[in-house]
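Asks: My structure is in final_11.csv, and what it holds is CSV, C-alpha atoms:
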chain,number,residue,atom,x,y,z
A,1,MET,CA,0.0,0.0,0.0
A,2,ASN,CA,1.3,3.4,-1.1
A,3,PRO,CA,0.6,6.1,1.5
A,4,LYS,CA,0.5,8.9,-1.1
A,5,ARG,CA,-1.9,7.0,-3.2
A,6,ARG,CA,-4.0,6.1,-0.2
A,7,ASP,CA,-4.3,9.9,0.7
A,8,ARG,CA,-5.2,10.6,-2.9
A,9,LEU,CA,-8.0,8.1,-2.8
A,10,ARG,CA,-9.3,9.5,0.6
A,11,ASP,CA,-9.2,13.0,-0.8
A,12,ALA,CA,-11.1,11.8,-3.9
A,13,ALA,CA,-13.7,10.1,-1.6
A,14,ILE,CA,-14.3,13.5,0.0
A,15,GLU,CA,-14.7,15.1,-3.4
A,16,VAL,CA,-17.2,12.5,-4.5
A,17,LEU,CA,-19.2,12.7,-1.3
A,18,ALA,CA,-19.4,16.5,-1.6
A,19,ALA,CA,-20.3,16.4,-5.3
A,20,ALA,CA,-22.7,13.5,-5.4
A,21,GLY,CA,-23.7,12.7,-1.8
A,22,GLY,CA,-23.6,9.4,0.0
A,23,ARG,CA,-25.6,8.0,-2.9
A,24,GLY,CA,-22.8,8.8,-5.4
A,25,LEU,CA,-20.0,7.3,-3.2
A,26,THR,CA,-19.0,4.1,-5.0
A,27,HIS,CA,-15.5,2.6,-5.4
A,28,ARG,CA,-15.8,3.2,-9.1
A,29,ALA,CA,-16.6,6.9,-8.7
A,30,VAL,CA,-13.6,7.3,-6.4
A,31,ASP,CA,-11.3,5.6,-8.9
A,32,ALA,CA,-12.5,8.0,-11.6
A,33,GLN,CA,-12.2,11.1,-9.3
A,34,ALA,CA,-8.6,10.1,-8.3
A,35,GLY,CA,-7.7,9.2,-11.9
A,36,VAL,CA,-6.5,5.7,-10.9
A,37,PRO,CA,-7.1,2.3,-12.6
A,38,ALA,CA,-10.5,0.8,-11.9
A,39,GLY,CA,-10.3,-1.5,-8.9
A,40,THR,CA,-7.7,0.5,-7.0
A,41,THR,CA,-10.1,2.0,-4.4
A,42,LYS,CA,-11.6,-1.4,-3.8
A,43,ASN,CA,-8.1,-2.8,-3.2
A,44,TYR,CA,-7.4,-0.1,-0.5
A,45,PHE,CA,-10.8,0.0,1.0
A,46,PRO,CA,-12.7,-3.2,0.3
A,47,THR,CA,-16.1,-2.3,1.8
A,48,ARG,CA,-18.3,0.8,1.6
A,49,GLU,CA,-18.0,1.0,5.4
A,50,SER,CA,-14.2,1.1,5.1
A,51,LEU,CA,-14.5,3.8,2.4
A,52,LEU,CA,-16.7,5.9,4.5
A,53,ALA,CA,-14.4,5.5,7.5
A,54,ALA,CA,-11.4,6.5,5.3
A,55,ALA,CA,-13.2,9.7,4.3
A,56,ALA,CA,-14.0,10.4,7.9
A,57,GLU,CA,-10.5,9.8,9.0
A,58,ARG,CA,-9.2,12.2,6.3
A,59,CYS,CA,-11.6,14.8,7.6
A,60,LEU,CA,-10.2,14.3,11.1
A,61,GLU,CA,-6.6,14.7,9.8
A,62,HIS,CA,-7.5,17.9,7.9
A,63,TYR,CA,-9.3,19.2,11.0
A,64,ARG,CA,-6.1,18.6,13.1
A,65,ASP,CA,-3.9,20.2,10.5
A,66,VAL,CA,-6.2,23.3,10.5
A,67,ARG,CA,-6.3,23.4,14.3
A,68,ALA,CA,-2.5,23.1,14.6
A,69,ALA,CA,-2.1,26.0,12.2
A,70,VAL,CA,-4.3,28.4,14.1
A,71,ALA,CA,-2.5,30.8,16.5
A,72,PRO,CA,-4.5,31.6,19.7
A,73,PRO,CA,-6.1,35.0,19.3
A,74,ALA,CA,-4.5,37.8,21.4
A,75,ASP,CA,-7.8,39.7,21.9
A,76,ARG,CA,-11.4,40.0,21.0
A,77,ASP,CA,-10.6,41.4,17.5
A,78,GLY,CA,-8.3,38.5,16.9
A,79,LEU,CA,-11.1,36.1,17.9
A,80,VAL,CA,-13.5,37.8,15.5
A,81,ALA,CA,-11.0,37.4,12.7
A,82,LEU,CA,-10.5,33.7,13.5
A,83,LEU,CA,-14.2,32.9,13.7
A,84,ARG,CA,-14.9,34.9,10.5
A,85,SER,CA,-12.2,33.1,8.7
A,86,LEU,CA,-13.6,29.7,9.8
A,87,LEU,CA,-17.0,30.7,8.4
A,88,GLU,CA,-15.5,32.2,5.2
A,89,ASP,CA,-13.8,28.8,4.6
A,90,VAL,CA,-17.3,27.2,4.3
A,91,ALA,CA,-18.0,29.1,1.1
A,92,GLY,CA,-14.4,28.8,0.0
A,93,PRO,CA,-11.7,26.1,0.0
A,94,GLY,CA,-13.4,24.2,2.8
A,95,ARG,CA,-16.7,23.7,1.1
A,96,ALA,CA,-16.1,20.2,-0.3
A,97,ARG,CA,-14.7,18.9,3.0
A,98,LEU,CA,-17.5,20.4,5.1
A,99,LEU,CA,-20.2,19.2,2.7
A,100,ALA,CA,-18.6,15.7,2.9
A,101,TYR,CA,-18.6,16.0,6.7
A,102,LEU,CA,-22.4,16.8,6.6
A,103,GLU,CA,-23.0,13.7,4.5
A,104,LEU,CA,-20.8,11.6,6.9
A,105,GLN,CA,-22.7,13.1,9.9
A,106,ALA,CA,-26.0,11.9,8.5
A,107,GLU,CA,-24.6,8.5,7.8
A,108,ALA,CA,-23.1,8.4,11.3
A,109,ALA,CA,-26.6,8.5,12.7
A,110,ARG,CA,-27.1,5.0,11.3
A,111,LYS,CA,-23.5,3.8,11.8
A,112,PRO,CA,-22.0,4.0,15.3
A,113,ALA,CA,-18.5,3.0,14.0
A,114,LEU,CA,-18.6,6.1,11.8
A,115,ALA,CA,-19.8,8.3,14.6
A,116,ALA,CA,-16.8,7.2,16.6
A,117,VAL,CA,-14.4,8.4,13.9
A,118,LEU,CA,-16.1,11.8,13.7
A,119,ASP,CA,-16.5,12.2,17.5
A,120,PRO,CA,-13.1,13.8,18.1
A,121,ILE,CA,-13.7,16.5,15.4
A,122,ALA,CA,-16.8,18.0,17.0
A,123,ALA,CA,-15.6,17.4,20.6
A,124,GLY,CA,-12.2,18.9,19.7
A,125,ASP,CA,-14.0,22.0,18.3
A,126,PHE,CA,-15.7,22.7,21.7
A,127,ALA,CA,-12.3,22.4,23.5
A,128,GLY,CA,-10.4,24.4,20.9
A,129,LEU,CA,-12.8,27.2,20.6
A,130,GLU,CA,-13.1,27.5,24.4
A,131,LEU,CA,-9.3,27.9,24.5
A,132,ALA,CA,-9.5,30.6,21.8
A,133,GLN,CA,-12.1,32.5,23.8
A,134,ARG,CA,-9.9,32.3,26.9
A,135,ALA,CA,-6.9,33.4,24.9
A,136,ALA,CA,-8.8,36.4,23.7
A,137,GLY,CA,-9.4,37.5,27.3
A,138,LEU,CA,-13.1,37.0,27.4
A,139,PRO,CA,-14.9,36.1,30.7
A,140,VAL,CA,-15.4,32.5,29.6
A,141,THR,CA,-17.7,30.0,31.3
A,142,PRO,CA,-18.2,26.5,29.9
A,143,GLU,CA,-21.8,27.5,28.9
A,144,ARG,CA,-20.7,30.7,27.2
A,145,ALA,CA,-17.9,29.0,25.3
A,146,ALA,CA,-20.2,26.2,24.2
A,147,ALA,CA,-22.8,28.8,23.0
A,148,VAL,CA,-20.3,30.3,20.7
A,149,THR,CA,-19.2,27.0,19.3
A,150,LEU,CA,-22.8,25.9,18.8
A,151,ALA,CA,-23.5,29.1,16.9
A,152,LEU,CA,-20.6,28.2,14.6
A,153,HIS,CA,-21.7,24.6,14.2
A,154,ALA,CA,-25.2,25.7,13.3
A,155,ALA,CA,-23.9,28.2,10.8
A,156,ILE,CA,-22.1,25.7,8.7
A,157,PRO,CA,-25.1,23.7,7.3
A,158,HIS,CA,-27.0,27.0,6.9
A,159,LEU,CA,-24.1,28.4,4.9
A,160,LEU,CA,-23.8,25.2,2.8
A,161,SER,CA,-27.4,24.8,1.9
A,162,GLY,CA,-29.6,27.5,3.5
A,163,GLY,CA,-32.0,29.5,1.3
A,164,PRO,CA,-32.0,33.3,1.4
A,165,ALA,CA,-34.6,33.6,4.2
A,166,THR,CA,-32.7,31.3,6.4
A,167,LEU,CA,-29.4,33.2,5.9
A,168,ALA,CA,-31.1,36.5,6.6
A,169,ALA,CA,-32.9,35.2,9.7
A,170,ALA,CA,-29.7,33.8,11.1
A,171,GLY,CA,-27.7,37.0,10.2
A,172,LEU,CA,-25.5,34.9,8.0
A,173,ASP,CA,-25.8,37.2,5.0
A,174,ASP,CA,-23.0,39.3,6.7
A,175,LEU,CA,-20.4,37.1,8.3
A,176,ASP,CA,-18.6,39.9,10.1
A,177,ALA,CA,-21.8,41.2,11.6
A,178,PHE,CA,-22.7,37.6,12.4
A,179,VAL,CA,-19.6,36.9,14.4
A,180,HIS,CA,-19.8,40.3,16.2
A,181,GLY,CA,-23.5,39.5,17.0
A,182,VAL,CA,-22.7,36.1,18.5
A,183,LEU,CA,-20.0,37.5,20.7
A,184,GLU,CA,-22.2,40.4,21.7
A,185,ALA,CA,-25.1,38.0,22.6
A,186,VAL,CA,-22.8,35.9,24.8
A,187,TYR,CA,-20.3,38.4,26.2
A,188,GLY,CA,-22.0,41.8,25.8
A,189,ALA,CA,-20.7,44.7,23.7
A,190,GLY,CA,-17.0,44.6,23.0
B,191,MET,CA,-54.5,11.3,-7.2
B,192,ASN,CA,-55.7,10.4,-3.8
B,193,PRO,CA,-54.5,12.9,-1.1
B,194,LYS,CA,-54.4,10.3,1.7
B,195,ARG,CA,-52.3,8.0,-0.4
B,196,ARG,CA,-50.1,10.9,-1.4
B,197,ASP,CA,-49.5,11.7,2.3
B,198,ARG,CA,-48.8,8.1,3.0
B,199,LEU,CA,-46.2,8.0,0.3
B,200,ARG,CA,-44.6,11.2,1.5
B,201,ASP,CA,-44.4,9.9,5.1
B,202,ALA,CA,-42.9,6.7,3.7
B,203,ALA,CA,-40.3,8.7,1.8
B,204,ILE,CA,-39.3,10.3,5.1
B,205,GLU,CA,-39.0,6.9,6.8
B,206,VAL,CA,-36.8,5.6,4.0
B,207,LEU,CA,-34.6,8.7,4.0
B,208,ALA,CA,-34.1,8.3,7.8
B,209,ALA,CA,-33.5,4.5,7.7
B,210,ALA,CA,-31.4,4.3,4.6
B,211,GLY,CA,-30.2,7.8,3.7
B,212,GLY,CA,-30.4,9.6,0.3
B,213,ARG,CA,-28.7,6.5,-1.1
B,214,GLY,CA,-31.6,4.3,-0.1
B,215,LEU,CA,-34.3,6.6,-1.4
B,216,THR,CA,-35.7,4.9,-4.5
B,217,HIS,CA,-39.3,4.8,-5.8
B,218,ARG,CA,-39.3,1.0,-5.1
B,219,ALA,CA,-38.2,1.5,-1.5
B,220,VAL,CA,-41.0,4.0,-0.9
B,221,ASP,CA,-43.6,1.6,-2.4
B,222,ALA,CA,-42.4,-1.1,-0.1
B,223,GLN,CA,-42.3,1.2,3.0
B,224,ALA,CA,-45.8,2.4,2.2
B,225,GLY,CA,-47.1,-1.0,1.5
B,226,VAL,CA,-48.5,0.0,-1.9
B,227,PRO,CA,-48.2,-1.8,-5.3
B,228,ALA,CA,-44.9,-1.3,-7.1
B,229,GLY,CA,-45.1,1.7,-9.4
B,230,THR,CA,-47.4,3.8,-7.2
B,231,THR,CA,-44.7,6.2,-6.0
B,232,LYS,CA,-43.4,6.7,-9.5
B,233,ASN,CA,-47.0,7.5,-10.6
B,234,TYR,CA,-47.3,10.3,-7.9
B,235,PHE,CA,-43.7,11.5,-8.0
B,236,PRO,CA,-42.1,10.7,-11.4
B,237,THR,CA,-38.6,11.8,-10.8
B,238,ARG,CA,-36.1,11.5,-7.9
B,239,GLU,CA,-36.1,15.3,-7.6
B,240,SER,CA,-39.9,15.4,-7.2
B,241,LEU,CA,-39.7,12.6,-4.6
B,242,LEU,CA,-37.1,14.6,-2.6
B,243,ALA,CA,-39.2,17.8,-2.9
B,244,ALA,CA,-42.3,15.8,-1.7
B,245,ALA,CA,-40.4,14.6,1.4
B,246,ALA,CA,-39.2,18.2,2.0
B,247,GLU,CA,-42.7,19.6,1.7
B,248,ARG,CA,-43.9,17.0,4.1
B,249,CYS,CA,-41.2,18.1,6.6
B,250,LEU,CA,-42.4,21.7,6.2
B,251,GLU,CA,-46.1,20.7,6.8
B,252,HIS,CA,-45.1,18.7,10.0
B,253,TYR,CA,-43.0,21.7,11.1
B,254,ARG,CA,-46.0,24.1,10.7
B,255,ASP,CA,-48.3,21.7,12.6
B,256,VAL,CA,-45.8,21.5,15.5
B,257,ARG,CA,-45.4,25.2,15.5
B,258,ALA,CA,-49.2,25.8,15.5
B,259,ALA,CA,-49.5,23.5,18.4
B,260,VAL,CA,-47.0,25.3,20.6
B,261,ALA,CA,-48.4,27.7,23.1
B,262,PRO,CA,-46.1,30.8,23.8
B,263,PRO,CA,-44.3,30.3,27.0
B,264,ALA,CA,-45.5,32.5,29.9
B,265,ASP,CA,-42.1,32.8,31.6
B,266,ARG,CA,-38.5,31.6,31.5
B,267,ASP,CA,-39.4,28.2,33.1
B,268,GLY,CA,-42.0,27.8,30.3
B,269,LEU,CA,-39.3,28.5,27.7
B,270,VAL,CA,-37.0,26.0,29.3
B,271,ALA,CA,-39.7,23.4,29.1
B,272,LEU,CA,-40.4,24.2,25.5
B,273,LEU,CA,-36.8,24.1,24.4
B,274,ARG,CA,-36.2,20.9,26.3
B,275,SER,CA,-39.2,19.2,24.7
B,276,LEU,CA,-38.0,20.2,21.3
B,277,LEU,CA,-34.6,18.5,22.0
B,278,GLU,CA,-36.2,15.5,23.7
B,279,ASP,CA,-38.2,15.0,20.4
B,280,VAL,CA,-34.9,14.5,18.5
B,281,ALA,CA,-34.3,11.2,20.4
B,282,GLY,CA,-38.0,10.4,20.5
B,283,PRO,CA,-40.9,10.6,17.9
B,284,GLY,CA,-39.2,13.3,15.9
B,285,ARG,CA,-36.0,11.3,15.2
B,286,ALA,CA,-37.0,10.0,11.7
B,287,ARG,CA,-38.2,13.3,10.5
B,288,LEU,CA,-35.1,15.2,11.8
B,289,LEU,CA,-32.8,12.6,10.3
B,290,ALA,CA,-34.6,12.9,7.0
B,291,TYR,CA,-34.3,16.7,7.3
B,292,LEU,CA,-30.5,16.2,7.8
B,293,GLU,CA,-30.3,14.2,4.6
B,294,LEU,CA,-32.4,16.7,2.7
B,295,GLN,CA,-30.3,19.5,4.0
B,296,ALA,CA,-27.1,17.8,2.6
B,297,GLU,CA,-28.9,17.2,-0.7
B,298,ALA,CA,-30.0,20.9,-0.7
B,299,ALA,CA,-26.4,22.0,-0.9
B,300,ARG,CA,-26.3,20.6,-4.4
B,301,LYS,CA,-30.0,21.3,-5.4
B,302,PRO,CA,-31.2,24.9,-5.0
B,303,ALA,CA,-34.8,23.9,-5.8
B,304,LEU,CA,-34.7,21.7,-2.7
B,305,ALA,CA,-33.0,24.4,-0.6
B,306,ALA,CA,-36.0,26.7,-1.5
B,307,VAL,CA,-38.5,24.2,-0.1
B,308,LEU,CA,-36.5,23.8,3.2
B,309,ASP,CA,-35.9,27.6,3.5
B,310,PRO,CA,-39.1,28.4,5.4
B,311,ILE,CA,-38.4,25.7,8.0
B,312,ALA,CA,-35.1,27.1,9.3
B,313,ALA,CA,-36.1,30.7,8.7
B,314,GLY,CA,-39.4,30.2,10.5
B,315,ASP,CA,-37.5,28.7,13.4
B,316,PHE,CA,-35.5,31.9,14.0
B,317,ALA,CA,-38.8,33.9,14.0
B,318,GLY,CA,-40.7,31.5,16.1
B,319,LEU,CA,-38.1,31.0,18.8
B,320,GLU,CA,-37.5,34.8,18.9
B,321,LEU,CA,-41.3,35.2,19.6
B,322,ALA,CA,-41.1,32.5,22.3
B,323,GLN,CA,-38.2,34.3,24.0
B,324,ARG,CA,-40.1,37.6,23.9
B,325,ALA,CA,-43.2,35.8,25.3
B,326,ALA,CA,-41.1,34.4,28.1
B,327,GLY,CA,-40.2,38.0,29.1
B,328,LEU,CA,-36.5,37.8,28.3
B,329,PRO,CA,-34.6,41.0,27.3
B,330,VAL,CA,-34.4,39.9,23.7
B,331,THR,CA,-32.2,41.4,21.0
B,332,PRO,CA,-32.1,39.9,17.5
B,333,GLU,CA,-28.6,38.6,18.2
B,334,ARG,CA,-29.5,37.0,21.5
B,335,ALA,CA,-32.6,35.4,20.0
B,336,ALA,CA,-30.5,34.0,17.1
B,337,ALA,CA,-27.8,32.7,19.5
B,338,VAL,CA,-30.4,30.6,21.3
B,339,THR,CA,-31.9,29.3,18.0
B,340,LEU,CA,-28.4,28.5,16.6
B,341,ALA,CA,-27.7,26.5,19.8
B,342,LEU,CA,-30.8,24.4,19.2
B,343,HIS,CA,-30.0,23.9,15.5
B,344,ALA,CA,-26.5,22.8,16.3
B,345,ALA,CA,-27.8,20.4,19.0
B,346,ILE,CA,-29.9,18.4,16.6
B,347,PRO,CA,-27.2,16.8,14.4
B,348,HIS,CA,-25.1,16.3,17.5
B,349,LEU,CA,-28.0,14.5,19.2
B,350,LEU,CA,-28.7,12.4,16.1
B,351,SER,CA,-25.2,11.2,15.4
B,352,GLY,CA,-22.8,12.7,17.9
B,353,GLY,CA,-20.4,10.4,19.8
B,354,PRO,CA,-20.1,10.5,23.5
B,355,ALA,CA,-17.2,13.0,23.6
B,356,THR,CA,-19.2,15.4,21.4
B,357,LEU,CA,-22.3,15.1,23.5
B,358,ALA,CA,-20.3,15.7,26.7
B,359,ALA,CA,-18.4,18.6,25.3
B,360,ALA,CA,-21.6,20.3,24.1
B,361,GLY,CA,-23.3,19.6,27.4
B,362,LEU,CA,-25.9,17.5,25.5
B,363,ASP,CA,-25.6,14.6,27.8
B,364,ASP,CA,-28.1,16.4,30.1
B,365,LEU,CA,-30.8,18.2,28.1
B,366,ASP,CA,-32.2,20.2,31.0
B,367,ALA,CA,-28.8,21.5,32.0
B,368,PHE,CA,-28.1,22.2,28.4
B,369,VAL,CA,-31.1,24.4,27.9
B,370,HIS,CA,-30.5,26.2,31.2
B,371,GLY,CA,-26.8,26.7,30.2
B,372,VAL,CA,-27.7,28.2,26.8
B,373,LEU,CA,-30.2,30.6,28.4
B,374,GLU,CA,-27.7,31.5,31.1
B,375,ALA,CA,-24.9,32.1,28.5
B,376,VAL,CA,-27.2,34.5,26.6
B,377,TYR,CA,-29.4,36.1,29.2
B,378,GLY,CA,-27.5,35.6,32.4
B,379,ALA,CA,-28.6,33.6,35.5
B,380,GLY,CA,-32.4,33.2,35.7
Kindly return the structure encoded in the file as structure tokens.
Replies:
Amino acid sequence: MNPKRRDRLRDAAIEVLAAAGGRGLTHRAVDAQAGVPAGTTKNYFPTRESLLAAAAERCLEHYRDVRAAVAPPADRDGLVALLRSLLEDVAGPGRARLLAYLELQAEAARKPALAAVLDPIAAGDFAGLELAQRAAGLPVTPERAAAVTLALHAAIPHLLSGGPATLAAAGLDDLDAFVHGVLEAVYGAG
Amino acid sequence: MNPKRRDRLRDAAIEVLAAAGGRGLTHRAVDAQAGVPAGTTKNYFPTRESLLAAAAERCLEHYRDVRAAVAPPADRDGLVALLRSLLEDVAGPGRARLLAYLELQAEAARKPALAAVLDPIAAGDFAGLELAQRAAGLPVTPERAAAVTLALHAAIPHLLSGGPATLAAAGLDDLDAFVHGVLEAVYGAG
């Protein structure tokens, strides 16, 4: 097994999930997306379950890379910039990965083994964003930190698939105002 | 076209989506789930797109029925009870419908026509829960009201498919404490 090829297949599985949903995720579609000979994906990930788990593990690795690259914000403005950049990523380079994550999350409701792979991503987000809020000097409590993280988690599917009325009602038609609004709701005016 | 049979098919589509995902949603599977002769679903909803839209419209109708049945809370305790009952529903009778909604939301990211059908559900939730917070006598601002609604929206997929670390990190292993915590984060101690 070639680790580079393995990563390429796992990236391709994420692209296929994002573009065609759980319904489109077949070994053949991943072969085609990765530009490898037919049968390669089946060789690396023999079952559909192992292919789903591979995509989920790739999401977890990406998530850890992103988290490792984030510097703790020095103040509230830095936190605003961090949260805004996380949300901007949803409509930008992160879209495929987050859409694949949404598909995996739905599948995980029926597959506990898949839920176990995804568990550290969402759990790590609560811990990481609480640390970021502390680093920014805010008067953090576990409940306040969780409220901010929950707002971000809710924003992602709305940004991926919400209609205009939903985006307006959530305040997600203006990401900078959205982030300021969430922090103001939880921590008061800055 | 028989309206009762139409509703039965739409309910069956929701059950199939919840049990087998977008991948399992076929006309044949809906026929089987509804216990009707093969070909019936195809007769009512000729394309896969029309079947998805039918399931989404059924979700919207259910949502409106639930909303119409909810009395505005008289005070903060009433609001706590309302929010807790909404979350308890995720693990209870509402599970299939919410899981179907999660599948539809993922599909909607690729299908704007489907996003348009779902749009009033999420948008209506922001408006409805803001009214509930006002009725409960809380010092509502649009940002505070949205923060509470976002916490609920984020809680649903975590409850449907979250692993134990995620549920613990979000505080969703105790729904009563979760709701109190969200309100305390946004409105201060009650």
Asks: List the spatial neighbours of A:Ala116 as a list in words - criterion: any atom at most 10 Å away, only C-alpha atoms, same-chain residues fewer than 5 positions off excluded.
Replies: Ala53, Ala56, Ala108, Lys111 and Ile121 of chain A; Ser351, Gly352, Gly353, Pro354, Ala355 and Thr356 of chain B
Asks: Please check the contacts: residues of chain A at most 7 Å away from chain B, using only C-alpha atoms, listed as a PyMOL selection string.
Replies: chain A and resi 21-23+102-103+105-109+115-116+119-120+122-123+126+143-144+146-147+150-151+153-154+160-163+165-166+169-170+181-182+185-186
Asks: What box, with edges along x, y and z, holds each listed atom of stretch 39-44 of chain A when 6 Å is added on every side, and can you state its centre and edge lengths in Å to one decimal, as AutoDock Vina command-line options?
Replies:
--center_x -9.5 --center_y -0.4 --center_z -4.7 --size_x 16.2 --size_y 16.8 --size_z 20.4
Asks: Got a sec: who's within 12 Å of B:Ala222, counting only C-alpha atoms, leaving out chain neighbours fewer than 6 positions off, as an MDAnalysis selection string?
Replies: chainID B and resid 198:199 202:203 205:206 215:216 228:231
Asks: Which one of A:Asp176, A:Met1, A:Arg6, A:Ala135 sits closest to A:Ala74 if you count all atoms listed in the file?
Replies: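 Nearest candidate to A:Ala74 out of A:Asp176, A:Met1, A:Arg6, A:Ala135: A:Ala135.
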